[in-house]
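Just start-v6.pdb here, PDB, C-alpha atoms:
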```pdb
ATOM      1  CA  MET A   1       0.000   0.000   0.000  1.00  0.00           C
ATOM      2  CA  PRO A   2       1.461   3.437  -0.934  1.00  0.00           C
ATOM      3  CA  LEU A   3       2.206   5.528   2.134  1.00  0.00           C
ATOM      4  CA  PRO A   4       1.281   9.224   2.224  1.00  0.00           C
ATOM      5  CA  TYR A   5       4.018  11.810   2.421  1.00  0.00           C
ATOM      6  CA  THR A   6       4.596  15.537   2.140  1.00  0.00           C
ATOM      7  CA  ILE A   7       7.379  17.440   0.421  1.00  0.00           C
ATOM      8  CA  ASP A   8       9.720  19.558   2.534  1.00  0.00           C
ATOM      9  CA  THR A   9      10.077  22.865   0.701  1.00  0.00           C
ATOM     10  CA  HIS A  10      12.925  24.176   2.866  1.00  0.00           C
ATOM     11  CA  ARG A  11      16.344  23.989   1.228  1.00  0.00           C
ATOM     12  CA  PRO A  12      19.691  24.596   2.908  1.00  0.00           C
ATOM     13  CA  THR A  13      22.307  26.522   0.952  1.00  0.00           C
ATOM     14  CA  GLN A  14      23.940  23.933  -1.268  1.00  0.00           C
ATOM     15  CA  ILE A  15      27.488  24.183  -2.624  1.00  0.00           C
ATOM     16  CA  GLY A  16      28.875  21.871  -5.278  1.00  0.00           C
ATOM     17  CA  LEU A  17      32.507  20.808  -5.421  1.00  0.00           C
ATOM     18  CA  VAL A  18      34.224  19.048  -8.315  1.00  0.00           C
ATOM     19  CA  THR A  19      37.439  17.694  -6.865  1.00  0.00           C
ATOM     20  CA  LEU A  20      40.203  15.506  -8.184  1.00  0.00           C
ATOM     21  CA  GLN A  21      40.114  11.725  -7.987  1.00  0.00           C
ATOM     22  CA  SER A  22      43.494  11.915  -6.233  1.00  0.00           C
ATOM     23  CA  ASP A  23      42.580  14.595  -3.666  1.00  0.00           C
ATOM     24  CA  GLU A  24      42.425  13.482  -0.022  1.00  0.00           C
ATOM     25  CA  THR A  25      42.380  16.917   1.601  1.00  0.00           C
ATOM     26  CA  ILE A  26      39.848  19.375   0.190  1.00  0.00           C
ATOM     27  CA  GLU A  27      36.679  17.719   1.508  1.00  0.00           C
ATOM     28  CA  ARG A  28      38.101  17.616   5.033  1.00  0.00           C
ATOM     29  CA  ASP A  29      39.158  21.269   4.806  1.00  0.00           C
ATOM     30  CA  PHE A  30      35.804  22.395   3.405  1.00  0.00           C
ATOM     31  CA  ARG A  31      33.933  20.684   6.224  1.00  0.00           C
ATOM     32  CA  MET A  32      36.177  22.526   8.685  1.00  0.00           C
ATOM     33  CA  LEU A  33      35.561  25.874   6.963  1.00  0.00           C
ATOM     34  CA  LEU A  34      31.918  25.857   5.841  1.00  0.00           C
ATOM     35  CA  PRO A  35      29.066  26.733   8.216  1.00  0.00           C
ATOM     36  CA  SER A  36      27.193  23.711   9.549  1.00  0.00           C
ATOM     37  CA  ASP A  37      24.002  24.734   7.741  1.00  0.00           C
ATOM     38  CA  VAL A  38      25.682  24.806   4.308  1.00  0.00           C
ATOM     39  CA  GLU A  39      25.372  21.513   2.470  1.00  0.00           C
ATOM     40  CA  LEU A  40      28.453  20.347   0.552  1.00  0.00           C
ATOM     41  CA  LEU A  41      27.812  18.099  -2.462  1.00  0.00           C
ATOM     42  CA  VAL A  42      30.871  16.527  -4.070  1.00  0.00           C
ATOM     43  CA  SER A  43      31.733  14.975  -7.412  1.00  0.00           C
ATOM     44  CA  ARG A  44      35.137  13.822  -8.629  1.00  0.00           C
ATOM     45  CA  VAL A  45      36.981  14.219 -11.896  1.00  0.00           C
ATOM     46  CA  PRO A  46      39.535  11.675 -13.186  1.00  0.00           C
ATOM     47  CA  SER A  47      43.080  12.924 -12.612  1.00  0.00           C
ATOM     48  CA  GLY A  48      46.528  11.597 -13.373  1.00  0.00           C
ATOM     49  CA  ALA A  49      48.892  10.139 -10.806  1.00  0.00           C
ATOM     50  CA  THR A  50      51.663  12.370 -12.123  1.00  0.00           C
ATOM     51  CA  VAL A  51      51.139  16.127 -12.207  1.00  0.00           C
ATOM     52  CA  SER A  52      52.224  17.840 -15.422  1.00  0.00           C
ATOM     53  CA  LEU A  53      50.708  20.456 -17.704  1.00  0.00           C
ATOM     54  CA  ASP A  54      49.513  17.660 -19.989  1.00  0.00           C
ATOM     55  CA  SER A  55      47.816  15.697 -17.194  1.00  0.00           C
ATOM     56  CA  LEU A  56      46.217  18.861 -15.826  1.00  0.00           C
ATOM     57  CA  CYS A  57      44.876  19.923 -19.216  1.00  0.00           C
ATOM     58  CA  ALA A  58      43.511  16.411 -19.789  1.00  0.00           C
ATOM     59  CA  MET A  59      40.886  17.076 -17.105  1.00  0.00           C
ATOM     60  CA  GLU A  60      39.218  19.532 -19.489  1.00  0.00           C
ATOM     61  CA  GLU A  61      37.635  16.558 -21.286  1.00  0.00           C
ATOM     62  CA  SER A  62      35.909  15.286 -18.119  1.00  0.00           C
ATOM     63  CA  LEU A  63      34.843  18.439 -16.290  1.00  0.00           C
ATOM     64  CA  THR A  64      31.345  18.696 -17.750  1.00  0.00           C
ATOM     65  CA  ALA A  65      30.569  15.034 -17.109  1.00  0.00           C
ATOM     66  CA  SER A  66      31.908  15.259 -13.557  1.00  0.00           C
ATOM     67  CA  ALA A  67      29.834  18.370 -12.824  1.00  0.00           C
ATOM     68  CA  GLY A  68      26.844  16.528 -14.272  1.00  0.00           C
ATOM     69  CA  LEU A  69      27.183  13.893 -11.531  1.00  0.00           C
ATOM     70  CA  LEU A  70      26.234  16.422  -8.852  1.00  0.00           C
ATOM     71  CA  PRO A  71      22.672  15.664  -7.672  1.00  0.00           C
ATOM     72  CA  ILE A  72      20.073  16.590 -10.275  1.00  0.00           C
ATOM     73  CA  GLY A  73      17.553  17.772  -7.688  1.00  0.00           C
ATOM     74  CA  SER A  74      19.981  20.115  -5.932  1.00  0.00           C
ATOM     75  CA  ARG A  75      19.886  23.899  -6.093  1.00  0.00           C
ATOM     76  CA  LEU A  76      23.539  24.809  -6.238  1.00  0.00           C
ATOM     77  CA  ALA A  77      24.283  28.343  -5.070  1.00  0.00           C
ATOM     78  CA  ALA A  78      27.813  27.933  -6.459  1.00  0.00           C
ATOM     79  CA  VAL A  79      30.181  25.222  -7.650  1.00  0.00           C
ATOM     80  CA  GLY A  80      33.903  25.083  -6.972  1.00  0.00           C
ATOM     81  CA  TYR A  81      36.520  23.292  -9.036  1.00  0.00           C
ATOM     82  CA  GLY A  82      39.147  21.930  -6.693  1.00  0.00           C
ATOM     83  CA  CYS A  83      42.436  22.262  -8.537  1.00  0.00           C
ATOM     84  CA  THR A  84      44.679  25.320  -8.447  1.00  0.00           C
ATOM     85  CA  SER A  85      47.201  24.280 -11.077  1.00  0.00           C
ATOM     86  CA  ALA A  86      44.617  22.903 -13.512  1.00  0.00           C
ATOM     87  CA  SER A  87      42.684  26.164 -13.270  1.00  0.00           C
ATOM     88  CA  ALA A  88      45.871  27.913 -14.367  1.00  0.00           C
ATOM     89  CA  ALA A  89      46.570  25.351 -17.098  1.00  0.00           C
ATOM     90  CA  ILE A  90      43.047  25.199 -18.556  1.00  0.00           C
ATOM     91  CA  GLY A  91      42.013  28.781 -17.775  1.00  0.00           C
ATOM     92  CA  ALA A  92      39.395  29.920 -15.282  1.00  0.00           C
ATOM     93  CA  ALA A  93      36.888  31.063 -17.907  1.00  0.00           C
ATOM     94  CA  ARG A  94      37.058  27.695 -19.668  1.00  0.00           C
ATOM     95  CA  VAL A  95      36.683  25.821 -16.365  1.00  0.00           C
ATOM     96  CA  ALA A  96      33.557  27.840 -15.519  1.00  0.00           C
ATOM     97  CA  GLU A  97      32.105  27.244 -18.985  1.00  0.00           C
ATOM     98  CA  LEU A  98      32.599  23.479 -18.786  1.00  0.00           C
ATOM     99  CA  ILE A  99      31.197  23.155 -15.267  1.00  0.00           C
ATOM    100  CA  LYS A 100      28.127  25.231 -16.107  1.00  0.00           C
ATOM    101  CA  ARG A 101      27.401  22.876 -19.007  1.00  0.00           C
ATOM    102  CA  GLY A 102      27.054  20.048 -16.489  1.00  0.00           C
ATOM    103  CA  ALA A 103      25.640  21.783 -13.419  1.00  0.00           C
ATOM    104  CA  ASP A 104      22.903  24.386 -13.077  1.00  0.00           C
ATOM    105  CA  THR A 105      24.494  27.107 -10.946  1.00  0.00           C
ATOM    106  CA  PRO A 106      24.852  30.901 -11.116  1.00  0.00           C
ATOM    107  CA  HIS A 107      28.462  30.907  -9.890  1.00  0.00           C
ATOM    108  CA  VAL A 108      31.630  28.903 -10.490  1.00  0.00           C
ATOM    109  CA  SER A 109      34.946  29.481  -8.783  1.00  0.00           C
ATOM    110  CA  ASP A 110      38.323  27.776  -8.523  1.00  0.00           C
ATOM    111  CA  PRO A 111      41.364  28.352  -6.293  1.00  0.00           C
ATOM    112  CA  LEU A 112      43.121  30.631  -8.790  1.00  0.00           C
ATOM    113  CA  THR A 113      40.058  32.838  -9.306  1.00  0.00           C
ATOM    114  CA  ALA A 114      39.477  32.824  -5.550  1.00  0.00           C
ATOM    115  CA  LEU A 115      43.074  33.789  -4.817  1.00  0.00           C
ATOM    116  CA  ILE A 116      42.895  36.725  -7.219  1.00  0.00           C
ATOM    117  CA  ALA A 117      39.619  37.838  -5.609  1.00  0.00           C
ATOM    118  CA  ALA A 118      41.199  37.535  -2.159  1.00  0.00           C
ATOM    119  CA  CYS A 119      44.239  39.556  -3.188  1.00  0.00           C
ATOM    120  CA  HIS A 120      42.020  42.307  -4.586  1.00  0.00           C
ATOM    121  CA  ALA A 121      39.878  42.274  -1.441  1.00  0.00           C
ATOM    122  CA  GLY A 122      42.946  42.509   0.795  1.00  0.00           C
ATOM    123  CA  GLY A 123      44.871  44.966  -1.384  1.00  0.00           C
ATOM    124  CA  LEU A 124      47.676  42.431  -1.891  1.00  0.00           C
ATOM    125  CA  ARG A 125      49.994  42.966  -4.869  1.00  0.00           C
ATOM    126  CA  ARG A 126      53.209  41.149  -3.876  1.00  0.00           C
ATOM    127  CA  ILE A 127      53.002  37.591  -2.621  1.00  0.00           C
ATOM    128  CA  GLY A 128      55.194  34.626  -1.894  1.00  0.00           C
ATOM    129  CA  LEU A 129      54.206  31.280  -3.389  1.00  0.00           C
ATOM    130  CA  VAL A 130      54.797  27.774  -2.070  1.00  0.00           C
ATOM    131  CA  SER A 131      54.052  25.045  -4.608  1.00  0.00           C
ATOM    132  CA  PRO A 132      54.419  21.285  -4.314  1.00  0.00           C
ATOM    133  CA  TYR A 133      54.850  20.803  -8.061  1.00  0.00           C
ATOM    134  CA  VAL A 134      57.463  20.778 -10.810  1.00  0.00           C
ATOM    135  CA  GLU A 135      58.698  23.968 -12.482  1.00  0.00           C
ATOM    136  CA  SER A 136      56.512  23.966 -15.597  1.00  0.00           C
ATOM    137  CA  VAL A 137      53.303  23.614 -13.533  1.00  0.00           C
ATOM    138  CA  SER A 138      54.329  26.304 -11.060  1.00  0.00           C
ATOM    139  CA  HIS A 139      55.434  28.658 -13.838  1.00  0.00           C
ATOM    140  CA  ARG A 140      51.995  28.587 -15.473  1.00  0.00           C
ATOM    141  CA  LEU A 141      50.384  29.558 -12.160  1.00  0.00           C
ATOM    142  CA  ILE A 142      52.828  32.439 -11.710  1.00  0.00           C
ATOM    143  CA  GLU A 143      52.062  33.671 -15.224  1.00  0.00           C
ATOM    144  CA  ARG A 144      48.327  33.727 -14.504  1.00  0.00           C
ATOM    145  CA  LEU A 145      48.813  35.617 -11.266  1.00  0.00           C
ATOM    146  CA  GLU A 146      51.101  38.199 -12.816  1.00  0.00           C
ATOM    147  CA  ALA A 147      48.630  38.712 -15.675  1.00  0.00           C
ATOM    148  CA  ALA A 148      46.080  39.612 -12.983  1.00  0.00           C
ATOM    149  CA  GLY A 149      48.427  42.193 -11.461  1.00  0.00           C
ATOM    150  CA  ILE A 150      49.720  40.043  -8.594  1.00  0.00           C
ATOM    151  CA  GLY A 151      53.487  39.762  -8.487  1.00  0.00           C
ATOM    152  CA  VAL A 152      55.119  36.604  -7.149  1.00  0.00           C
ATOM    153  CA  ILE A 153      58.242  38.026  -5.532  1.00  0.00           C
ATOM    154  CA  ALA A 154      59.284  34.908  -3.604  1.00  0.00           C
ATOM    155  CA  PHE A 155      58.874  31.290  -4.635  1.00  0.00           C
ATOM    156  CA  GLY A 156      59.658  27.834  -3.339  1.00  0.00           C
ATOM    157  CA  SER A 157      58.628  24.355  -4.465  1.00  0.00           C
ATOM    158  CA  PHE A 158      58.803  20.815  -3.155  1.00  0.00           C
ATOM    159  CA  ASP A 159      59.266  19.803  -6.813  1.00  0.00           C
ATOM    160  CA  GLU A 160      57.085  16.716  -6.387  1.00  0.00           C
ATOM    161  CA  PRO A 161      55.472  15.206  -9.505  1.00  0.00           C
ATOM    162  CA  LEU A 162      53.459  12.454  -7.750  1.00  0.00           C
ATOM    163  CA  GLU A 163      50.077  13.495  -6.358  1.00  0.00           C
ATOM    164  CA  GLU A 164      49.947  10.635  -3.855  1.00  0.00           C
ATOM    165  CA  ARG A 165      53.100  12.031  -2.223  1.00  0.00           C
ATOM    166  CA  VAL A 166      51.873  15.643  -2.118  1.00  0.00           C
ATOM    167  CA  VAL A 167      49.165  14.825   0.422  1.00  0.00           C
ATOM    168  CA  ARG A 168      51.796  13.073   2.597  1.00  0.00           C
ATOM    169  CA  ILE A 169      54.077  16.134   2.802  1.00  0.00           C
ATOM    170  CA  SER A 170      54.325  16.766   6.517  1.00  0.00           C
ATOM    171  CA  ARG A 171      52.736  19.638   8.367  1.00  0.00           C
ATOM    172  CA  GLN A 172      56.175  20.715   9.597  1.00  0.00           C
ATOM    173  CA  SER A 173      57.506  20.792   6.026  1.00  0.00           C
ATOM    174  CA  VAL A 174      54.623  22.997   4.899  1.00  0.00           C
ATOM    175  CA  ARG A 175      55.155  25.288   7.883  1.00  0.00           C
ATOM    176  CA  ASP A 176      58.905  25.569   7.281  1.00  0.00           C
ATOM    177  CA  ALA A 177      58.405  26.266   3.573  1.00  0.00           C
ATOM    178  CA  ALA A 178      55.885  29.037   4.268  1.00  0.00           C
ATOM    179  CA  MET A 179      58.185  30.669   6.811  1.00  0.00           C
ATOM    180  CA  HIS A 180      61.198  30.457   4.487  1.00  0.00           C
ATOM    181  CA  VAL A 181      59.377  31.934   1.476  1.00  0.00           C
ATOM    182  CA  GLY A 182      57.612  34.582   3.546  1.00  0.00           C
ATOM    183  CA  ARG A 183      60.885  35.818   5.046  1.00  0.00           C
ATOM    184  CA  SER A 184      62.919  35.752   1.828  1.00  0.00           C
ATOM    185  CA  ALA A 185      61.362  38.900   0.299  1.00  0.00           C
ATOM    186  CA  PRO A 186      59.079  41.817   1.301  1.00  0.00           C
ATOM    187  CA  CYS A 187      55.857  39.849   0.763  1.00  0.00           C
ATOM    188  CA  GLU A 188      52.392  41.092   1.629  1.00  0.00           C
ATOM    189  CA  ALA A 189      51.095  37.506   1.890  1.00  0.00           C
ATOM    190  CA  VAL A 190      52.151  33.914   1.293  1.00  0.00           C
ATOM    191  CA  PHE A 191      50.013  31.529  -0.755  1.00  0.00           C
ATOM    192  CA  LEU A 192      50.230  27.785  -0.131  1.00  0.00           C
ATOM    193  CA  SER A 193      49.144  26.315  -3.447  1.00  0.00           C
ATOM    194  CA  CYS A 194      47.396  22.969  -4.072  1.00  0.00           C
ATOM    195  CA  THR A 195      44.096  21.659  -2.740  1.00  0.00           C
ATOM    196  CA  ASN A 196      45.752  18.369  -1.743  1.00  0.00           C
ATOM    197  CA  LEU A 197      48.464  20.000   0.388  1.00  0.00           C
ATOM    198  CA  ARG A 198      47.786  19.857   4.153  1.00  0.00           C
ATOM    199  CA  ALA A 199      48.145  23.627   4.512  1.00  0.00           C
ATOM    200  CA  LEU A 200      44.991  24.874   6.248  1.00  0.00           C
ATOM    201  CA  GLU A 201      46.043  23.693   9.689  1.00  0.00           C
ATOM    202  CA  VAL A 202      49.272  25.734   9.768  1.00  0.00           C
ATOM    203  CA  ILE A 203      47.757  29.115   8.858  1.00  0.00           C
ATOM    204  CA  ASP A 204      46.762  30.336  12.312  1.00  0.00           C
ATOM    205  CA  GLU A 205      50.104  29.202  13.692  1.00  0.00           C
ATOM    206  CA  ILE A 206      52.389  31.018  11.249  1.00  0.00           C
ATOM    207  CA  GLU A 207      50.454  34.226  10.498  1.00  0.00           C
ATOM    208  CA  PRO A 208      51.473  35.825  13.831  1.00  0.00           C
ATOM    209  CA  GLU A 209      55.117  34.953  13.175  1.00  0.00           C
ATOM    210  CA  LEU A 210      55.139  36.367   9.650  1.00  0.00           C
ATOM    211  CA  GLY A 211      52.919  39.330  10.464  1.00  0.00           C
ATOM    212  CA  PHE A 212      50.828  39.140   7.289  1.00  0.00           C
ATOM    213  CA  PRO A 213      48.139  36.900   5.731  1.00  0.00           C
ATOM    214  CA  VAL A 214      48.834  33.294   4.841  1.00  0.00           C
ATOM    215  CA  LEU A 215      46.436  31.894   2.250  1.00  0.00           C
ATOM    216  CA  SER A 216      45.811  28.348   1.047  1.00  0.00           C
ATOM    217  CA  SER A 217      43.974  26.934  -1.957  1.00  0.00           C
ATOM    218  CA  ASN A 218      41.124  25.385   0.022  1.00  0.00           C
ATOM    219  CA  GLN A 219      40.787  28.376   2.324  1.00  0.00           C
ATOM    220  CA  VAL A 220      40.461  30.944  -0.489  1.00  0.00           C
ATOM    221  CA  LEU A 221      38.094  28.729  -2.475  1.00  0.00           C
ATOM    222  CA  ALA A 222      35.741  28.185   0.482  1.00  0.00           C
ATOM    223  CA  TRP A 223      35.880  31.920   1.271  1.00  0.00           C
ATOM    224  CA  HIS A 224      35.110  32.897  -2.315  1.00  0.00           C
ATOM    225  CA  LEU A 225      32.236  30.450  -2.666  1.00  0.00           C
ATOM    226  CA  GLY A 226      30.935  31.930   0.567  1.00  0.00           C
ATOM    227  CA  ARG A 227      31.224  35.453  -0.829  1.00  0.00           C
ATOM    228  CA  LEU A 228      29.395  34.460  -3.989  1.00  0.00           C
ATOM    229  CA  SER A 229      26.662  32.667  -2.017  1.00  0.00           C
ATOM    230  CA  GLY A 230      26.316  34.977   0.990  1.00  0.00           C
ATOM    231  CA  PHE A 231      27.704  32.911   3.870  1.00  0.00           C
ATOM    232  CA  ALA A 232      31.385  33.906   4.054  1.00  0.00           C
ATOM    233  CA  ASP A 233      30.812  35.774   7.313  1.00  0.00           C
ATOM    234  CA  ARG A 234      29.675  32.478   8.906  1.00  0.00           C
ATOM    235  CA  CYS A 235      32.658  30.388   7.814  1.00  0.00           C
ATOM    236  CA  ALA A 236      35.190  29.219  10.377  1.00  0.00           C
ATOM    237  CA  ARG A 237      37.585  32.151  10.625  1.00  0.00           C
ATOM    238  CA  ILE A 238      40.851  30.391   9.868  1.00  0.00           C
ATOM    239  CA  GLY A 239      43.315  33.086   8.861  1.00  0.00           C
ATOM    240  CA  ARG A 240      43.216  36.842   8.303  1.00  0.00           C
ATOM    241  CA  LEU A 241      41.502  36.258   4.963  1.00  0.00           C
ATOM    242  CA  PHE A 242      38.136  36.348   6.713  1.00  0.00           C
ATOM    243  CA  ASP A 243      38.789  39.934   7.775  1.00  0.00           C
ATOM    244  CA  PHE A 244      39.087  41.066   4.151  1.00  0.00           C
ATOM    245  CA  GLY A 245      36.414  43.243   2.556  1.00  0.00           C
ATOM    246  CA  ASP A 246      33.811  42.254  -0.005  1.00  0.00           C
ATOM    247  CA  ALA A 247      35.382  40.823  -3.176  1.00  0.00           C
ATOM    248  CA  ALA A 248      32.183  40.839  -5.232  1.00  0.00           C
ATOM    249  CA  LEU A 249      33.613  43.359  -7.704  1.00  0.00           C
ATOM    250  CA  ALA A 250      37.090  41.880  -7.919  1.00  0.00           C
ATOM    251  CA  PRO A 251      37.972  40.764 -11.464  1.00  0.00           C
ATOM    252  CA  THR A 252      38.307  37.123 -12.379  1.00  0.00           C
ATOM    253  CA  THR A 253      41.300  35.711 -14.245  1.00  0.00           C
ATOM    254  CA  ASP A 254      39.699  36.630 -17.571  1.00  0.00           C
ATOM    255  CA  GLY A 255      38.936  40.202 -16.525  1.00  0.00           C
ATOM    256  CA  ARG A 256      35.183  39.784 -16.082  1.00  0.00           C
ATOM    257  CA  PRO A 257      33.591  40.982 -12.847  1.00  0.00           C
ATOM    258  CA  HIS A 258      31.732  38.370 -10.769  1.00  0.00           C
TER     259      HIS A 258
END
```

Render the structure in this file as structure tokens.
Amino acid sequence: MPLPYTIDTHRPTQIGLVTLQSDETIERDFRMLLPSDVELLVSRVPSGATVSLDSLCAMEESLTASAGLLPIGSRLAAVGYGCTSASAAIGAARVAELIKRGADTPHVSDPLTALIAACHAGGLRRIGLVSPYVESVSHRLIERLEAAGIGVIAFGSFDEPLEERVVRISRQSVRDAAMHVGRSAPCEAVFLSCTNLRALEVIDEIEPELGFPVLSSNQVLAWHLGRLSGFADRCARIGRLFDFGDAALAPTTDGRPH
């Protein structure tokens, strides 16, 4: 016998996330950062075991299908793409186009777009960059940042091509790298690049020592999705980033306003 039921019309704010098959960190970090009443819905995109410009660009072929695996009945306030280096390799505008083909959402962001928005919101023009990856991958990211008016005046890399090893880089190593890069030039901030790097947990520890903001891929992406969707002021306030002003008018990597 069919049982009667009613439909609940209340919807929480829902955020979509397309993350890499190899990523073990971003979901944990997002659940630390997002307010408890924001619902995180996750899909994954196939990604190579070795990180190179070719393997990053190869994700372009799967982004629409991966976004299409987010729940059909959801109402996604925004969708994030969880890869900093692939956003630089593919291009933020192209990433947004491909994700919007698969998911119905008014906003798409990625760590590169979010970082640029954060730098504009905080008035940051000279940053240090810590990357886990090989030179060609890091160089593309630096090019994208400099094209957006953000100079990378200090740089350091773990020079690691294997994604499964990036997530195992120790907390102490990430901390030491951030301190070294941040003290090697007159930076206004240090950015810890890569959504798979265990960087979020060192931010509050090293910001007081450096005396300026420390940003990470997952932190800026969660913050920017919150700005686009109206809940950034309720995120867990990990880092000085959450004291920055409204980035709604900050340009994206292709020069378009949000």

Name the residues in contact with Arg126 of chain A at a cut-off of 6 Å, using all atoms listed in the file, excluding same-chain residues fewer than 5 positions from it; report them as a PDB file with C-alpha atoms, in the frame of the given file.
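Once everything was written out, this is around-v8.pdb:
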```
ATOM      1  CA  ILE A 150      49.720  40.043  -8.594  1.00  0.00           C
ATOM      2  CA  GLY A 151      53.487  39.762  -8.487  1.00  0.00           C
ATOM      3  CA  VAL A 152      55.119  36.604  -7.149  1.00  0.00           C
ATOM      4  CA  CYS A 187      55.857  39.849   0.763  1.00  0.00           C
ATOM      5  CA  GLU A 188      52.392  41.092   1.629  1.00  0.00           C
TER       6      GLU A 188
END
```

(Q) Using only C-alpha atoms, list the residues that have an atom at most 12 Å from (35.7, 20.1, -10.1), coordinates as in the file, as a PyMOL selection string. (A) chain A and resi 15-23+26-27+41-47+59-70+78-84+86-87+92+95-100+102-103+108-111+195+221

Point (44.1, 28.3, -13.2), cut-off 12 Å, counting all atoms listed in the file, residues as a PDB file with C-alpha atoms, in the frame of the given file:
```pdb
ATOM      1  CA  LEU A  53      50.708  20.456 -17.704  1.00  0.00           C
ATOM      2  CA  LEU A  56      46.217  18.861 -15.826  1.00  0.00           C
ATOM      3  CA  CYS A  57      44.876  19.923 -19.216  1.00  0.00           C
ATOM      4  CA  GLU A  60      39.218  19.532 -19.489  1.00  0.00           C
ATOM      5  CA  TYR A  81      36.520  23.292  -9.036  1.00  0.00           C
ATOM      6  CA  GLY A  82      39.147  21.930  -6.693  1.00  0.00           C
ATOM      7  CA  CYS A  83      42.436  22.262  -8.537  1.00  0.00           C
ATOM      8  CA  THR A  84      44.679  25.320  -8.447  1.00  0.00           C
ATOM      9  CA  SER A  85      47.201  24.280 -11.077  1.00  0.00           C
ATOM     10  CA  ALA A  86      44.617  22.903 -13.512  1.00  0.00           C
ATOM     11  CA  SER A  87      42.684  26.164 -13.270  1.00  0.00           C
ATOM     12  CA  ALA A  88      45.871  27.913 -14.367  1.00  0.00           C
ATOM     13  CA  ALA A  89      46.570  25.351 -17.098  1.00  0.00           C
ATOM     14  CA  ILE A  90      43.047  25.199 -18.556  1.00  0.00           C
ATOM     15  CA  GLY A  91      42.013  28.781 -17.775  1.00  0.00           C
ATOM     16  CA  ALA A  92      39.395  29.920 -15.282  1.00  0.00           C
ATOM     17  CA  ALA A  93      36.888  31.063 -17.907  1.00  0.00           C
ATOM     18  CA  ARG A  94      37.058  27.695 -19.668  1.00  0.00           C
ATOM     19  CA  VAL A  95      36.683  25.821 -16.365  1.00  0.00           C
ATOM     20  CA  ALA A  96      33.557  27.840 -15.519  1.00  0.00           C
ATOM     21  CA  SER A 109      34.946  29.481  -8.783  1.00  0.00           C
ATOM     22  CA  ASP A 110      38.323  27.776  -8.523  1.00  0.00           C
ATOM     23  CA  PRO A 111      41.364  28.352  -6.293  1.00  0.00           C
ATOM     24  CA  LEU A 112      43.121  30.631  -8.790  1.00  0.00           C
ATOM     25  CA  THR A 113      40.058  32.838  -9.306  1.00  0.00           C
ATOM     26  CA  ALA A 114      39.477  32.824  -5.550  1.00  0.00           C
ATOM     27  CA  LEU A 115      43.074  33.789  -4.817  1.00  0.00           C
ATOM     28  CA  ILE A 116      42.895  36.725  -7.219  1.00  0.00           C
ATOM     29  CA  VAL A 137      53.303  23.614 -13.533  1.00  0.00           C
ATOM     30  CA  SER A 138      54.329  26.304 -11.060  1.00  0.00           C
ATOM     31  CA  HIS A 139      55.434  28.658 -13.838  1.00  0.00           C
ATOM     32  CA  ARG A 140      51.995  28.587 -15.473  1.00  0.00           C
ATOM     33  CA  LEU A 141      50.384  29.558 -12.160  1.00  0.00           C
ATOM     34  CA  ILE A 142      52.828  32.439 -11.710  1.00  0.00           C
ATOM     35  CA  GLU A 143      52.062  33.671 -15.224  1.00  0.00           C
ATOM     36  CA  ARG A 144      48.327  33.727 -14.504  1.00  0.00           C
ATOM     37  CA  LEU A 145      48.813  35.617 -11.266  1.00  0.00           C
ATOM     38  CA  ALA A 147      48.630  38.712 -15.675  1.00  0.00           C
ATOM     39  CA  ALA A 148      46.080  39.612 -12.983  1.00  0.00           C
ATOM     40  CA  SER A 193      49.144  26.315  -3.447  1.00  0.00           C
ATOM     41  CA  CYS A 194      47.396  22.969  -4.072  1.00  0.00           C
ATOM     42  CA  SER A 217      43.974  26.934  -1.957  1.00  0.00           C
ATOM     43  CA  THR A 252      38.307  37.123 -12.379  1.00  0.00           C
ATOM     44  CA  THR A 253      41.300  35.711 -14.245  1.00  0.00           C
ATOM     45  CA  ASP A 254      39.699  36.630 -17.571  1.00  0.00           C
TER      46      ASP A 254
END
```

Write out, as a Markdown table, each residue of segment 88-121 of chain A that has an atom at most 9 Å from segment 71-76 of chain A, together with the closest pair of atoms and their distance in Å to one decimal, counting all atoms listed in the file, rows going by chain and rising number.
```
| residue | atom | partner | partner_atom | distance |
| --- | --- | --- | --- | --- |
| A:Ala103 | CA | A:Leu76 | CA | 8.1 |
| A:Asp104 | CA | A:Leu76 | CA | 6.9 |
| A:Thr105 | CA | A:Leu76 | CA | 5.3 |
| A:Pro106 | CA | A:Leu76 | CA | 7.9 |
| A:His107 | CA | A:Leu76 | CA | 8.6 |
```

Give one line per residue of segment 15-67 of chain A that approaches segment 160-182 of chain A to at most 7 Å, naming the two atoms of the closest pair and their distance in Å to one decimal, counting only C-alpha atoms; sort by chain then ascending residue number and deliver it as CSV.
```
residue,atom,partner,partner_atom,distance
A:Ser22,CA,A:Glu163,CA,6.8
A:Glu24,CA,A:Val167,CA,6.9
A:Ala49,CA,A:Glu163,CA,5.7
A:Thr50,CA,A:Leu162,CA,4.7
A:Val51,CA,A:Pro161,CA,5.2
```

**Q.** Counting all atoms listed in the file, the residue of A:Pro186, A:Gly122, A:Pro132, A:Gly230 that sits nearest Pro213 of chain A
**A.**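 Among the listed residues, A:Gly122 lies closest to Pro213 of chain A.
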
**Q.** Distance of atom CA of Asn196 of chain A from atom CA of Ser55 of chain A, expressed in Å to one decimal place
**A.**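 We find that atom CA of Ser55 of chain A and atom CA of Asn196 of chain A lie 15.8 Å from each other.
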
Q) Suppose you want the space between atom CA of Leu210 of chain A and atom CA of Ala189 of chain A; what is it in Å? A)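 The value is 8.8 Å.
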
Q | Interatomic distance, atom CA of Glu146 of chain A to atom CA of Ile127 of chain A (Å, one decimal) | A |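 Atom-to-atom, atom CA of Glu146 of chain A and atom CA of Ile127 of chain A are spaced 10.4 Å apart.
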
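Here the PyMOL selection byres ((chain A and resi 121) around 6) matches the residues Ala118, Cys119, His120, Gly122, Gly123, Phe244, Gly245 and Ala247 of chain A.
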
Q) Got a sec: who's within 7 Å of Phe155 of chain A, counting only C-alpha atoms, leaving out chain neighbours fewer than 4 positions off, as an MDAnalysis selection string? A) chainID A and resid 128:130 181
